[in-house]
Amino acid sequence: MTAAAGDLARRATADPLFRLVAYALEAAHGRPPAAVWSAPYAFHLGSPGLVAAASWPTAAAAAPRTDGMVRLSSLGHPADGCDLPLTLSGPPPAAPAWAVRPYAVLRALAGAGYGRGGTDLHVQGSLTAAAGLATAEPADCALALAVADVHTGPDERPDRAHLVRLLAEALPDGDDALRRAVLFARPGEALLLDAGSRASRRYVPFDPAVSGARLVLVAVRGDDGGTDPAAELARAVACARRAGALSAWPPGPEPGRSVLVLLPEARLTAVRAAVAHEFRDRGRPVPRFLNIAVAGAARREE
């Protein structure tokens, strides 16, 4: 355990999310973390192979074990922490729904030699799925980095290229492009993935603030059974464009409840007010707005 990771929960200058996950692991499992990693949420830019990271993180705190058990907890599921035997083959043990995916990652890591002795793990995001960005891929990456870190030598860092391959094999239904953005993004740049070579990547400038623009995620609220979320999102986009938005696109490969909107800085207040007014006039919940800055890749929090 590094001293930095061990005292993170009590360091007043640390980011509140990272203090929280460090404290939560200690509270849930009776020991401080050996490492805390953060991983950014990520999004597509509307062009094939072009992705970037957002300045909102998921965090994972981990401590190694030697008894072959994994103990999983999350403040998002406070009543569903679990202790599970780490098996490399056969059917996985019964687990709460939220822990099935983390357990699959832990099993894949163990199969590759990371953490066969077991791990105490706590995962927590700064956003929920309602915000409109994919939550699974940043959590997968934060977990994988934290576990690989605490089960390697003190002067080693996890091999990110190896981890992204393990995650793709363990979770083939996940978004590999988003995982690569989480692991390899750079601040103020978009990551361009070569479709012909999954390992190939290039970077292109993408920093709306430099040109006096803002990137905002707009997410419509829950369906009450009487509305079409896609239609509601289309209304929000049309209203934003009339108020001065430059472009809009979904943050994932498939349309959902959210859209990324690029707009001039000077039109931010007008766009928000116009969308809010249109929805209130129809008696509908006002969509959520989330400011997005283009951030760097996952990192260890010291």
# chains A, B, ... in the order shown; residues from 1 in each chain; ligands from 1

call {"tool": "select_by_dssp", "arguments": {"residues": "segment 30-153 of chain A", "states": "helix (DSSP H, G or I)", "output": "number ranges by chain"}}
result
A: 97-111, 129-131, 136-150

call {"tool": "select_by_dssp", "arguments": {"residues": "segment 47-281 of chain A", "states": "strand (DSSP E)", "output": "JSON, numbers by chain"}}
result
{"A": [50, 51, 52, 53, 54, 55, 56, 57, 58, 59, 60, 61, 62, 63, 64, 69, 70, 71, 72, 73, 82, 83, 84, 85, 118, 119, 120, 121, 122, 123, 124, 125, 189, 190, 191, 192, 193, 201, 202, 203, 204, 205, 213, 214, 215, 216, 217, 218, 219, 247, 248, 249, 258, 259, 260, 261, 262, 263, 264]}

call {"tool": "residues_around", "arguments": {"residues": "Val182 of chain A", "least_positions_apart": "3", "cutoff": "9 Å", "atoms": "only C-alpha atoms", "output": "PyMOL selection string"}}
result
chain A and resi 39-42+52-54+137-138+141-142+177-179+185+296-298

call {"tool": "write_last_selection", "arguments": {"atoms": "N, CA, C and O atoms", "output": "short mmCIF file (atom, residue, chain, number, x, y, z; two decimals), in the first residue's frame"}}
result
data_model
loop_
_atom_site.label_atom_id
_atom_site.label_comp_id
_atom_site.auth_asym_id
_atom_site.auth_seq_id
_atom_site.Cartn_x
_atom_site.Cartn_y
_atom_site.Cartn_z
N ALA A 39 -11.28 7.09 -13.61
CA ALA A 39 -11.44 6.87 -15.05
C ALA A 39 -12.54 7.79 -15.56
O ALA A 39 -13.62 7.84 -14.98
N PRO A 40 -12.28 8.53 -16.64
CA PRO A 40 -13.28 9.49 -17.12
C PRO A 40 -14.42 8.80 -17.86
O PRO A 40 -14.24 7.75 -18.50
N TYR A 41 -15.61 9.38 -17.79
CA TYR A 41 -16.66 9.00 -18.72
C TYR A 41 -16.21 9.41 -20.12
O TYR A 41 -15.40 10.33 -20.27
N ALA A 42 -16.71 8.71 -21.12
CA ALA A 42 -16.25 8.97 -22.48
C ALA A 42 -17.45 9.06 -23.42
O ALA A 42 -18.56 8.64 -23.08
N ALA A 52 -13.75 10.81 -27.24
CA ALA A 52 -13.04 11.68 -26.31
C ALA A 52 -13.51 11.38 -24.90
O ALA A 52 -14.51 10.69 -24.69
N ALA A 53 -12.79 11.92 -23.93
CA ALA A 53 -13.12 11.72 -22.52
C ALA A 53 -13.70 13.00 -21.94
O ALA A 53 -13.36 14.11 -22.36
N ALA A 54 -14.58 12.83 -20.97
CA ALA A 54 -15.23 13.95 -20.30
C ALA A 54 -14.64 14.16 -18.91
O ALA A 54 -14.11 13.24 -18.29
N GLU A 137 -18.36 1.39 -19.14
CA GLU A 137 -16.97 1.35 -19.60
C GLU A 137 -16.01 2.07 -18.65
O GLU A 137 -14.93 1.52 -18.35
N PRO A 138 -16.32 3.26 -18.14
CA PRO A 138 -15.39 3.86 -17.18
C PRO A 138 -15.26 3.05 -15.90
O PRO A 138 -14.16 2.95 -15.33
N CYS A 141 -12.95 0.08 -16.59
CA CYS A 141 -11.55 0.48 -16.71
C CYS A 141 -10.95 0.87 -15.36
O CYS A 141 -9.81 0.50 -15.05
N ALA A 142 -11.72 1.62 -14.55
CA ALA A 142 -11.22 1.99 -13.23
C ALA A 142 -10.95 0.76 -12.38
O ALA A 142 -9.92 0.65 -11.70
N ALA A 177 -14.52 1.28 -28.30
CA ALA A 177 -14.02 2.63 -28.59
C ALA A 177 -14.07 3.50 -27.34
O ALA A 177 -13.13 4.26 -27.06
N LEU A 178 -15.15 3.40 -26.55
CA LEU A 178 -15.23 4.17 -25.32
C LEU A 178 -14.16 3.72 -24.33
O LEU A 178 -13.55 4.54 -23.63
N ARG A 179 -13.93 2.40 -24.23
CA ARG A 179 -12.88 1.92 -23.32
C ARG A 179 -11.53 2.52 -23.69
O ARG A 179 -10.74 2.90 -22.82
N ALA A 185 -7.16 8.72 -23.60
CA ALA A 185 -7.52 10.09 -23.99
C ALA A 185 -6.47 11.11 -23.55
O ALA A 185 -5.68 10.88 -22.64
N GLY A 296 -8.40 14.15 -19.91
CA GLY A 296 -7.39 13.13 -20.16
C GLY A 296 -7.82 11.76 -19.69
O GLY A 296 -8.94 11.56 -19.22
N ALA A 297 -6.92 10.81 -19.79
CA ALA A 297 -7.20 9.41 -19.55
C ALA A 297 -7.25 9.07 -18.06
O ALA A 297 -6.94 9.89 -17.19
N ALA A 298 -7.64 7.83 -17.79
CA ALA A 298 -7.65 7.30 -16.43
C ALA A 298 -6.27 7.47 -15.78
O ALA A 298 -5.23 7.39 -16.45
#

call {"tool": "closest_residue", "arguments": {"among": "A:Leu217, A:Ala243, A:Ala274, A:Leu86", "to": "Thr66 of chain A", "atoms": "only C-alpha atoms"}}
result
A:Leu86

call {"tool": "closest_residue", "arguments": {"among": "A:His122, A:Arg201, A:Arg186, A:His44", "to": "Ala161 of chain A", "atoms": "only C-alpha atoms"}}
result
A:Arg201

call {"tool": "closest_residue", "arguments": {"among": "A:Arg300, A:Arg180, A:Arg214, A:His151", "to": "Arg202 of chain A", "atoms": "only C-alpha atoms"}}
result
A:Arg180
